[in-house]
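Here is the file entry_1.cif (mmCIF, C-alpha atoms).
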```cif
data_my_file
loop_
_atom_site.group_PDB
_atom_site.id
_atom_site.type_symbol
_atom_site.label_atom_id
_atom_site.label_comp_id
_atom_site.auth_asym_id
_atom_site.auth_seq_id
_atom_site.Cartn_x
_atom_site.Cartn_y
_atom_site.Cartn_z
ATOM 1 C CA MET A 940 19.198 14.870 12.560
ATOM 2 C CA GLU A 941 16.596 12.129 12.084
ATOM 3 C CA SER A 942 14.267 14.594 10.360
ATOM 4 C CA LEU A 943 17.035 15.650 7.969
ATOM 5 C CA LEU A 944 17.845 12.019 7.182
ATOM 6 C CA ARG A 945 14.181 11.232 6.582
ATOM 7 C CA ASN A 946 13.781 14.200 4.229
ATOM 8 C CA GLY A 947 16.926 13.206 2.384
ATOM 9 C CA LEU A 948 15.711 9.639 1.900
ATOM 10 C CA LEU A 949 12.334 10.854 0.625
ATOM 11 C CA PHE A 950 14.126 13.166 -1.812
ATOM 12 C CA LEU A 951 16.288 10.292 -3.058
ATOM 13 C CA SER A 952 13.220 8.062 -3.461
ATOM 14 C CA LYS A 953 12.213 10.178 -6.481
ATOM 15 C CA ASN A 954 15.660 10.193 -8.116
ATOM 16 C CA ARG A 955 15.450 8.513 -11.514
ATOM 17 C CA LEU A 956 19.206 7.958 -11.873
ATOM 18 C CA ALA A 957 19.371 6.174 -8.531
ATOM 19 C CA ASN A 958 16.334 4.107 -9.533
ATOM 20 C CA ARG A 959 18.067 2.956 -12.713
ATOM 21 C CA ALA A 960 21.197 2.032 -10.747
ATOM 22 C CA ALA A 961 19.095 0.040 -8.278
ATOM 23 C CA LYS A 962 17.523 -1.952 -11.110
ATOM 24 C CA LYS A 963 20.973 -2.673 -12.504
ATOM 25 C CA TYR A 964 22.405 -4.033 -9.258
ATOM 26 C CA GLY A 965 19.328 -5.929 -8.093
ATOM 27 C CA LEU A 966 17.989 -6.624 -4.615
ATOM 28 C CA ARG A 967 21.094 -5.962 -2.608
ATOM 29 C CA PHE A 968 21.556 -3.019 -0.235
ATOM 30 C CA GLY A 969 19.248 -4.754 2.262
ATOM 31 C CA ALA A 970 16.135 -4.427 0.089
ATOM 32 C CA ARG A 971 15.307 -8.125 0.442
ATOM 33 C CA ARG A 972 14.187 -7.367 3.966
ATOM 34 C CA PHE A 973 11.194 -5.450 2.565
ATOM 35 C CA VAL A 974 10.762 -6.838 -0.966
ATOM 36 C CA ALA A 975 9.767 -10.456 -1.581
ATOM 37 C CA GLY A 976 11.846 -10.818 -4.738
ATOM 38 C CA GLU A 977 12.012 -9.733 -8.346
ATOM 39 C CA GLN A 978 9.905 -12.547 -9.856
ATOM 40 C CA ILE A 979 6.271 -13.433 -9.302
ATOM 41 C CA GLU A 980 7.294 -16.951 -8.286
ATOM 42 C CA ASP A 981 9.260 -15.457 -5.377
ATOM 43 C CA ALA A 982 6.214 -13.490 -4.241
ATOM 44 C CA ILE A 983 3.839 -16.452 -4.490
ATOM 45 C CA ALA A 984 6.208 -18.529 -2.340
ATOM 46 C CA VAL A 985 6.178 -15.789 0.334
ATOM 47 C CA VAL A 986 2.377 -15.586 0.229
ATOM 48 C CA ARG A 987 2.066 -19.355 0.604
ATOM 49 C CA GLU A 988 4.170 -19.229 3.782
ATOM 50 C CA LEU A 989 1.998 -16.420 5.148
ATOM 51 C CA ASN A 990 -1.182 -18.335 4.346
ATOM 52 C CA GLU A 991 0.140 -21.387 6.184
ATOM 53 C CA ALA A 992 0.461 -19.161 9.269
ATOM 54 C CA GLY A 993 -3.154 -17.972 8.910
ATOM 55 C CA ILE A 994 -2.217 -14.638 7.330
ATOM 56 C CA GLU A 995 -3.686 -13.177 4.124
ATOM 57 C CA ALA A 996 -1.676 -11.110 1.633
ATOM 58 C CA THR A 997 -1.902 -8.387 -0.942
ATOM 59 C CA LEU A 998 0.640 -8.512 -3.747
ATOM 60 C CA ASP A 999 2.076 -5.352 -5.243
ATOM 61 C CA HIS A 1000 4.138 -5.485 -8.418
ATOM 62 C CA LEU A 1001 6.289 -2.436 -7.802
ATOM 63 C CA GLY A 1002 6.384 0.171 -10.535
ATOM 64 C CA GLU A 1003 7.331 3.847 -10.589
ATOM 65 C CA PHE A 1004 8.815 6.327 -13.053
ATOM 66 C CA ILE A 1005 6.693 5.117 -15.978
ATOM 67 C CA LEU A 1006 7.739 7.202 -18.998
ATOM 68 C CA THR A 1007 6.114 5.491 -22.008
ATOM 69 C CA GLU A 1008 2.876 3.770 -23.007
ATOM 70 C CA GLU A 1009 4.886 0.592 -23.559
ATOM 71 C CA GLU A 1010 6.109 0.622 -19.954
ATOM 72 C CA ALA A 1011 2.565 1.218 -18.694
ATOM 73 C CA LEU A 1012 1.275 -1.688 -20.785
ATOM 74 C CA GLU A 1013 4.087 -3.914 -19.536
ATOM 75 C CA SER A 1014 3.129 -3.085 -15.941
ATOM 76 C CA THR A 1015 -0.534 -3.764 -16.740
ATOM 77 C CA GLN A 1016 0.266 -7.157 -18.192
ATOM 78 C CA PHE A 1017 2.316 -8.033 -15.116
ATOM 79 C CA CYS A 1018 -0.620 -7.135 -12.868
ATOM 80 C CA ILE A 1019 -2.904 -9.326 -14.969
ATOM 81 C CA ARG A 1020 -0.409 -12.167 -14.801
ATOM 82 C CA THR A 1021 -0.181 -11.731 -11.027
ATOM 83 C CA LEU A 1022 -3.955 -12.135 -10.649
ATOM 84 C CA GLN A 1023 -3.875 -15.212 -12.875
ATOM 85 C CA GLU A 1024 -0.985 -16.691 -10.894
ATOM 86 C CA ILE A 1025 -2.812 -16.073 -7.619
ATOM 87 C CA GLU A 1026 -5.781 -18.033 -8.981
ATOM 88 C CA ARG A 1027 -3.608 -20.798 -10.441
ATOM 89 C CA SER A 1028 -1.584 -21.286 -7.252
ATOM 90 C CA GLY A 1029 -4.602 -21.098 -4.930
ATOM 91 C CA VAL A 1030 -2.920 -18.697 -2.488
ATOM 92 C CA ARG A 1031 -5.049 -16.216 -0.527
ATOM 93 C CA SER A 1032 -4.046 -12.807 -1.823
ATOM 94 C CA ASN A 1033 -5.447 -9.805 -3.599
ATOM 95 C CA LEU A 1034 -3.633 -7.133 -5.630
ATOM 96 C CA SER A 1035 -2.537 -3.557 -4.942
ATOM 97 C CA LEU A 1036 -1.338 -1.138 -7.606
ATOM 98 C CA LYS A 1037 -0.612 2.521 -8.310
ATOM 99 C CA MET A 1038 -2.233 4.638 -10.998
ATOM 100 C CA THR A 1039 1.086 6.089 -12.144
ATOM 101 C CA GLN A 1040 2.426 2.635 -12.969
ATOM 102 C CA LEU A 1041 -0.515 2.246 -15.358
ATOM 103 C CA GLY A 1042 0.272 5.508 -17.137
ATOM 104 C CA LEU A 1043 -1.711 8.175 -15.267
ATOM 105 C CA ASP A 1044 1.031 10.761 -15.805
ATOM 106 C CA LEU A 1045 0.863 10.088 -19.544
ATOM 107 C CA SER A 1046 -2.923 10.236 -19.898
ATOM 108 C CA ARG A 1047 -5.997 9.441 -17.844
ATOM 109 C CA GLU A 1048 -7.487 7.554 -20.798
ATOM 110 C CA LEU A 1049 -4.467 5.234 -20.972
ATOM 111 C CA CYS A 1050 -4.592 4.618 -17.226
ATOM 112 C CA MET A 1051 -8.330 3.833 -17.300
ATOM 113 C CA ARG A 1052 -7.939 1.455 -20.226
ATOM 114 C CA ASN A 1053 -5.193 -0.430 -18.425
ATOM 115 C CA MET A 1054 -7.076 -0.444 -15.132
ATOM 116 C CA ARG A 1055 -10.230 -1.844 -16.755
ATOM 117 C CA ALA A 1056 -8.207 -4.676 -18.275
ATOM 118 C CA ILE A 1057 -6.889 -5.535 -14.809
ATOM 119 C CA LEU A 1058 -10.311 -5.313 -13.165
ATOM 120 C CA ASP A 1059 -11.856 -7.488 -15.888
ATOM 121 C CA THR A 1060 -9.315 -10.153 -14.952
ATOM 122 C CA ALA A 1061 -9.895 -9.664 -11.220
ATOM 123 C CA ALA A 1062 -13.656 -10.017 -11.660
ATOM 124 C CA ALA A 1063 -13.192 -13.186 -13.721
ATOM 125 C CA CYS A 1064 -10.915 -14.598 -10.994
ATOM 126 C CA GLY A 1065 -13.215 -13.511 -8.146
ATOM 127 C CA ASN A 1066 -10.450 -11.350 -6.707
ATOM 128 C CA PHE A 1067 -10.027 -7.772 -5.458
ATOM 129 C CA VAL A 1068 -7.785 -4.891 -6.548
ATOM 130 C CA ARG A 1069 -6.875 -1.922 -4.368
ATOM 131 C CA ILE A 1070 -5.745 1.421 -5.734
ATOM 132 C CA ASP A 1071 -2.756 2.557 -3.685
ATOM 133 C CA MET A 1072 -2.596 6.251 -2.888
ATOM 134 C CA GLU A 1073 0.492 8.134 -3.998
ATOM 135 C CA ASP A 1074 1.640 11.695 -3.339
ATOM 136 C CA TYR A 1075 -0.753 14.618 -3.008
ATOM 137 C CA ALA A 1076 -0.352 15.585 -6.671
ATOM 138 C CA HIS A 1077 -2.128 12.325 -7.626
ATOM 139 C CA ASN A 1078 -4.640 12.229 -4.770
ATOM 140 C CA GLU A 1079 -7.741 13.714 -6.388
ATOM 141 C CA ALA A 1080 -7.122 11.948 -9.691
ATOM 142 C CA SER A 1081 -6.891 8.600 -7.886
ATOM 143 C CA ILE A 1082 -10.119 9.261 -5.971
ATOM 144 C CA ASP A 1083 -11.934 10.264 -9.162
ATOM 145 C CA ILE A 1084 -10.724 7.114 -10.916
ATOM 146 C CA PHE A 1085 -11.860 4.983 -7.991
ATOM 147 C CA CYS A 1086 -15.340 6.553 -8.044
ATOM 148 C CA GLU A 1087 -15.737 5.874 -11.760
ATOM 149 C CA LEU A 1088 -14.482 2.312 -11.520
ATOM 150 C CA ARG A 1089 -16.513 1.599 -8.375
ATOM 151 C CA GLU A 1090 -19.667 2.383 -10.373
ATOM 152 C CA GLU A 1091 -18.581 -0.151 -13.001
ATOM 153 C CA TYR A 1092 -16.933 -2.903 -10.953
ATOM 154 C CA GLY A 1093 -18.504 -2.659 -7.506
ATOM 155 C CA ASP A 1094 -16.676 -4.423 -4.688
ATOM 156 C CA THR A 1095 -13.898 -5.596 -7.016
ATOM 157 C CA VAL A 1096 -12.039 -2.320 -6.437
ATOM 158 C CA GLY A 1097 -10.921 -0.511 -3.264
ATOM 159 C CA LEU A 1098 -8.878 2.547 -2.329
ATOM 160 C CA VAL A 1099 -6.368 3.913 0.191
ATOM 161 C CA ILE A 1100 -6.892 7.008 2.361
ATOM 162 C CA GLN A 1101 -3.923 8.728 4.074
ATOM 163 C CA ALA A 1102 -4.311 10.145 7.574
ATOM 164 C CA TYR A 1103 -1.633 12.803 7.184
ATOM 165 C CA LEU A 1104 -3.769 14.788 4.713
ATOM 166 C CA TYR A 1105 -6.149 17.394 6.130
ATOM 167 C CA LYS A 1106 -8.818 16.414 3.597
ATOM 168 C CA SER A 1107 -9.059 12.714 4.435
ATOM 169 C CA ALA A 1108 -12.045 12.869 6.812
ATOM 170 C CA ASP A 1109 -14.000 14.769 4.147
ATOM 171 C CA ASP A 1110 -12.917 12.198 1.544
ATOM 172 C CA ILE A 1111 -14.305 9.383 3.693
ATOM 173 C CA ASP A 1112 -17.617 11.234 3.992
ATOM 174 C CA ARG A 1113 -17.965 11.674 0.237
ATOM 175 C CA LEU A 1114 -16.947 8.069 -0.469
ATOM 176 C CA HIS A 1115 -19.375 6.599 2.063
ATOM 177 C CA ARG A 1116 -22.124 6.377 -0.604
ATOM 178 C CA PHE A 1117 -20.131 3.523 -2.157
ATOM 179 C CA ARG A 1118 -19.801 1.605 1.143
ATOM 180 C CA PRO A 1119 -16.148 1.258 0.133
ATOM 181 C CA ASN A 1120 -13.410 -1.075 1.271
ATOM 182 C CA LEU A 1121 -10.724 1.419 2.314
ATOM 183 C CA ARG A 1122 -7.181 0.829 3.493
ATOM 184 C CA LEU A 1123 -6.435 3.508 6.092
ATOM 185 C CA VAL A 1124 -2.771 4.480 6.437
ATOM 186 C CA LYS A 1125 -0.731 7.288 7.960
ATOM 187 C CA GLY A 1126 1.020 8.248 4.702
ATOM 188 C CA ALA A 1127 4.627 7.944 3.565
ATOM 189 C CA TYR A 1128 5.334 10.838 1.186
ATOM 190 C CA LYS A 1129 6.958 14.212 1.819
ATOM 191 C CA GLU A 1130 4.131 16.770 1.608
ATOM 192 C CA SER A 1131 3.710 20.495 2.179
ATOM 193 C CA PRO A 1132 2.233 21.638 5.512
ATOM 194 C CA ASP A 1133 -0.356 23.380 3.342
ATOM 195 C CA VAL A 1134 -1.982 19.999 2.661
ATOM 196 C CA ALA A 1135 -0.670 17.620 5.336
ATOM 197 C CA TYR A 1136 -0.080 17.536 9.077
ATOM 198 C CA PRO A 1137 3.637 18.142 9.648
ATOM 199 C CA ASN A 1138 3.667 16.680 13.175
ATOM 200 C CA LYS A 1139 3.459 12.972 13.947
ATOM 201 C CA ALA A 1140 1.147 13.484 16.944
ATOM 202 C CA ASP A 1141 -1.401 15.231 14.721
ATOM 203 C CA VAL A 1142 -1.169 12.480 12.123
ATOM 204 C CA ASP A 1143 -1.766 9.855 14.816
ATOM 205 C CA ARG A 1144 -4.830 11.715 16.123
ATOM 206 C CA ASN A 1145 -6.273 12.052 12.638
ATOM 207 C CA PHE A 1146 -5.527 8.384 11.942
ATOM 208 C CA ILE A 1147 -7.618 7.337 14.941
ATOM 209 C CA ARG A 1148 -10.304 9.814 13.905
ATOM 210 C CA ILE A 1149 -10.711 8.417 10.380
ATOM 211 C CA ILE A 1150 -10.562 4.792 11.606
ATOM 212 C CA GLU A 1151 -13.436 5.480 13.999
ATOM 213 C CA GLN A 1152 -15.285 7.468 11.341
ATOM 214 C CA HIS A 1153 -15.056 4.739 8.707
ATOM 215 C CA LEU A 1154 -15.873 1.884 11.076
ATOM 216 C CA GLY A 1155 -18.699 3.960 12.557
ATOM 217 C CA ASN A 1156 -20.138 4.315 9.059
ATOM 218 C CA GLY A 1157 -20.418 0.529 8.958
ATOM 219 C CA ASP A 1158 -17.914 0.228 6.113
ATOM 220 C CA TYR A 1159 -15.014 -2.205 5.747
ATOM 221 C CA ALA A 1160 -11.668 -0.946 7.053
ATOM 222 C CA ALA A 1161 -8.209 -2.306 6.342
ATOM 223 C CA ILE A 1162 -6.232 -0.701 9.161
ATOM 224 C CA ALA A 1163 -2.615 -0.537 8.051
ATOM 225 C CA THR A 1164 -0.319 0.205 10.976
ATOM 226 C CA HIS A 1165 2.606 -1.131 12.993
ATOM 227 C CA ASP A 1166 1.772 1.172 15.902
ATOM 228 C CA ASP A 1167 0.879 -0.803 19.045
ATOM 229 C CA ALA A 1168 -1.006 2.120 20.601
ATOM 230 C CA ILE A 1169 -3.281 2.436 17.588
ATOM 231 C CA ILE A 1170 -3.795 -1.327 17.354
ATOM 232 C CA GLN A 1171 -4.850 -1.418 20.996
ATOM 233 C CA HIS A 1172 -7.140 1.569 20.476
ATOM 234 C CA VAL A 1173 -8.859 -0.208 17.588
ATOM 235 C CA LYS A 1174 -9.302 -3.368 19.640
ATOM 236 C CA HIS A 1175 -11.011 -1.415 22.440
ATOM 237 C CA PHE A 1176 -13.091 0.677 20.038
ATOM 238 C CA VAL A 1177 -14.550 -2.284 18.131
ATOM 239 C CA GLU A 1178 -15.277 -4.116 21.374
ATOM 240 C CA GLU A 1179 -17.087 -1.117 22.874
ATOM 241 C CA ARG A 1180 -19.089 -0.503 19.687
ATOM 242 C CA GLN A 1181 -19.687 -4.235 19.121
ATOM 243 C CA ILE A 1182 -18.236 -3.974 15.624
ATOM 244 C CA PRO A 1183 -17.760 -7.493 14.233
ATOM 245 C CA ARG A 1184 -14.285 -8.649 13.258
ATOM 246 C CA SER A 1185 -15.679 -9.361 9.794
ATOM 247 C CA GLN A 1186 -15.853 -5.572 9.203
ATOM 248 C CA PHE A 1187 -12.128 -4.887 9.487
ATOM 249 C CA GLU A 1188 -8.651 -6.301 9.198
ATOM 250 C CA PHE A 1189 -5.182 -5.283 10.290
ATOM 251 C CA GLN A 1190 -2.471 -4.844 7.687
ATOM 252 C CA MET A 1191 1.298 -4.633 7.965
ATOM 253 C CA LEU A 1192 4.208 -4.510 5.544
ATOM 254 C CA TYR A 1193 6.294 -7.510 4.586
ATOM 255 C CA GLY A 1194 9.483 -7.606 6.638
ATOM 256 C CA ILE A 1195 8.252 -5.344 9.434
ATOM 257 C CA ARG A 1196 7.052 -6.604 12.853
ATOM 258 C CA THR A 1197 6.642 -10.192 11.718
ATOM 259 C CA GLN A 1198 5.939 -11.495 15.226
ATOM 260 C CA ALA A 1199 3.196 -8.909 15.742
ATOM 261 C CA GLN A 1200 1.583 -10.118 12.514
ATOM 262 C CA HIS A 1201 1.503 -13.675 13.808
ATOM 263 C CA ASN A 1202 0.224 -12.565 17.200
ATOM 264 C CA LEU A 1203 -2.759 -10.757 15.719
ATOM 265 C CA ALA A 1204 -3.590 -13.709 13.486
ATOM 266 C CA ASN A 1205 -3.367 -16.065 16.474
ATOM 267 C CA GLU A 1206 -5.723 -13.788 18.422
ATOM 268 C CA GLY A 1207 -8.345 -14.334 15.747
ATOM 269 C CA TYR A 1208 -8.053 -11.024 13.919
ATOM 270 C CA LYS A 1209 -7.882 -10.999 10.145
ATOM 271 C CA MET A 1210 -4.278 -10.112 9.345
ATOM 272 C CA ARG A 1211 -3.046 -9.185 5.875
ATOM 273 C CA VAL A 1212 0.546 -8.522 4.837
ATOM 274 C CA TYR A 1213 1.418 -6.186 1.977
ATOM 275 C CA VAL A 1214 3.962 -8.085 -0.138
ATOM 276 C CA PRO A 1215 5.824 -6.019 -2.770
ATOM 277 C CA PHE A 1216 7.893 -7.622 -5.510
ATOM 278 C CA GLY A 1217 9.525 -6.781 -8.826
ATOM 279 C CA ASN A 1218 12.693 -5.114 -10.062
ATOM 280 C CA ASP A 1219 11.367 -1.545 -9.711
ATOM 281 C CA TRP A 1220 11.793 -1.607 -5.936
ATOM 282 C CA TYR A 1221 13.955 1.450 -5.322
ATOM 283 C CA GLY A 1222 11.329 4.107 -4.528
ATOM 284 C CA TYR A 1223 9.401 1.784 -2.235
ATOM 285 C CA PHE A 1224 12.567 0.754 -0.407
ATOM 286 C CA MET A 1225 13.690 4.343 0.176
ATOM 287 C CA ARG A 1226 10.292 5.275 1.638
ATOM 288 C CA ARG A 1227 10.522 2.349 4.063
ATOM 289 C CA LEU A 1228 13.945 3.606 5.179
ATOM 290 C CA ALA A 1229 12.542 7.111 5.586
ATOM 291 C CA GLU A 1230 9.796 5.823 7.867
ATOM 292 C CA ARG A 1231 12.433 4.429 10.201
ATOM 293 C CA PRO A 1232 15.871 5.909 9.493
ATOM 294 C CA ALA A 1233 17.430 3.485 11.978
ATOM 295 C CA ASN A 1234 17.098 0.902 9.195
ATOM 296 C CA VAL A 1235 19.870 2.723 7.312
ATOM 297 C CA GLY A 1236 22.339 1.011 9.646
ATOM 298 C CA PHE A 1237 20.938 -2.338 8.593
ATOM 299 C CA VAL A 1238 21.461 -1.386 4.935
ATOM 300 C CA LEU A 1239 25.066 -0.312 5.510
ATOM 301 C CA LYS A 1240 25.813 -3.664 7.170
ATOM 302 C CA SER A 1241 24.312 -5.432 4.146
ATOM 303 C CA LEU A 1242 26.573 -3.438 1.830
ATOM 304 C CA PHE A 1243 29.723 -4.485 3.643
ATOM 305 C CA LYS A 1244 28.621 -8.119 3.586
ATOM 306 C CA SER A 1245 28.066 -8.033 -0.200
#
```
Write out the structure in this file as structure tokens.
Amino acid sequence: MESLLRNGLLFLSKNRLANRAAKKYGLRFGARRFVAGEQIEDAIAVVRELNEAGIEATLDHLGEFILTEEEALESTQFCIRTLQEIERSGVRSNLSLKMTQLGLDLSRELCMRNMRAILDTAAACGNFVRIDMEDYAHNEASIDIFCELREEYGDTVGLVIQAYLYKSADDIDRLHRFRPNLRLVKGAYKESPDVAYPNKADVDRNFIRIIEQHLGNGDYAAIATHDDAIIQHVKHFVEERQIPRSQFEFQMLYGIRTQAQHNLANEGYKMRVYVPFGNDWYGYFMRRLAERPANVGFVLKSLFKS
């Protein structure tokens, strides 16, 4: 039953009609638990609270279902404004974004032009931008874009690698020449067993494998997980290998395991929280529900309270 519910939620996450309805009705349906707000001012306020607790952030202006060049440019300008607002406010945060929200599905040239404008701003602000990984259909294109931009912008740009894909260990090997800053995640999209591990236990094993591989290469790892077993494994691994805490950080999502975030920060680990905001929150929200279908009950309660 849980598997069917998860698959259904992932299917709905790509529904354009539902996305439009979500934009119309705003951040109800329990989405405020996972999304900082619709305006950049809301997100900056959340980041400031995190910073006061010794926690870093990465801001993500949510954007999916880009259909026109105008929408891609609008998303680009919002990312630029976010970087400028981070600098103006003095909060400790970088930026995450998706290639499709910058127009990748329209043309690679458009996406690259928009991405360079964002990275020019990030470099001027002394900040960092991470390319989020999307579904498998965009995986190779995102890696190719990262490689090209890494040659141009150096450490200003980073990437995400997903443990549920069979190819991820090989991807880390070929990216090692850049000494990249990689966020390592399990993966949150519905993929074919032809390209991704269908079983959670296999994903977990591969996640540990690529964490050890990347850290063993001496490269910076942003380890994005809420899994206590994996967090403990990382703690033991870095201690045994004498890997300095300056070479990695833990990352979690806004609204999930808040106390664990504070605990890690209090233990002296670098802790960063992924803080999404904006009115295009529907797809992100549905994927969070799919990761833990028990949250659907929370959403239903929110509906009845509305």
Run the PyMOL selection byres ((chain A and resi 1123) around 6) against the file shown and list the residues it catches, as a PyMOL selection string. chain A and resi 1099-1100+1122+1124+1162-1163
Take atom CA of A:Leu1098 and atom CA of A:Arg1069 and report the distance between them in Å, one decimal. 5.3 Å
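This file, queried with the PyMOL selection byres ((chain A and resi 1037) around 7), gives the residues A:Leu1036, A:Met1038, A:Thr1039, A:Gln1040, A:Ile1070, A:Asp1071, A:Met1072.
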Test item: the PyMOL selection byres ((chain A and resi 1142) around 12) resolved as a PyMOL selection string: chain A and resi 1101-1105+1107+1124-1127+1132+1135-1141+1143-1149+1169
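Between atom CA of A:Lys1209 and atom CA of A:Gly1097 the separation is 17.3 Å.
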Neighbours of A:Arg1113 within 12 Å (only C-alpha atoms; same-chain residues fewer than 6 positions away dropped), as a PDB file with C-alpha atoms, keeping the file's coordinate frame?
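around17.pdb written:
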```pdb
ATOM      1  CA  ILE A1082     -10.119   9.261  -5.971  1.00  0.00           C
ATOM      2  CA  ASP A1083     -11.934  10.264  -9.162  1.00  0.00           C
ATOM      3  CA  CYS A1086     -15.340   6.553  -8.044  1.00  0.00           C
ATOM      4  CA  LYS A1106      -8.818  16.414   3.597  1.00  0.00           C
ATOM      5  CA  SER A1107      -9.059  12.714   4.435  1.00  0.00           C
ATOM      6  CA  PRO A1119     -16.148   1.258   0.133  1.00  0.00           C
ATOM      7  CA  HIS A1153     -15.056   4.739   8.707  1.00  0.00           C
ATOM      8  CA  ASN A1156     -20.138   4.315   9.059  1.00  0.00           C
TER       9      ASN A1156
END
```
A straight line from atom CA of A:Glu995 to atom CA of A:Thr1060 spans 20.1 Å
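Distances from A:Ala1108, A:Phe1067, A:Ala1080, A:Asp1074 to A:Asp1094 were compared using all atoms listed in the file, and the smallest one belongs to A:Phe1067.
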List the neighbours of A:Ala975 out to 8 Å using all atoms listed in the file; skip same-chain residues closer than 2 positions along the sequence, and give me the result as a PyMOL selection string. chain A and resi 971-973+977+981-982+985+1193+1214-1216
Looking at A:Thr1164, A:Ser1028, A:Asn1078, A:Ser1035, which one is nearest to A:Leu1001, with distances taken over all atoms listed in the file? A:Ser1035
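Distances here use only C-alpha atoms; by that measure, the residue among A:Glu1013, A:Glu991, A:Glu1179, A:Asp999 closest to A:Leu1034 is A:Asp999.
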With 10 Å as the threshold, what does the neighbourhood of (-3.9, 5.4, -19.7) contain in terms of residues, counting only C-alpha atoms? Coordinates are those of the file; answer as a ChimeraX atom specification. /A:1008,1011-1012,1038-1054
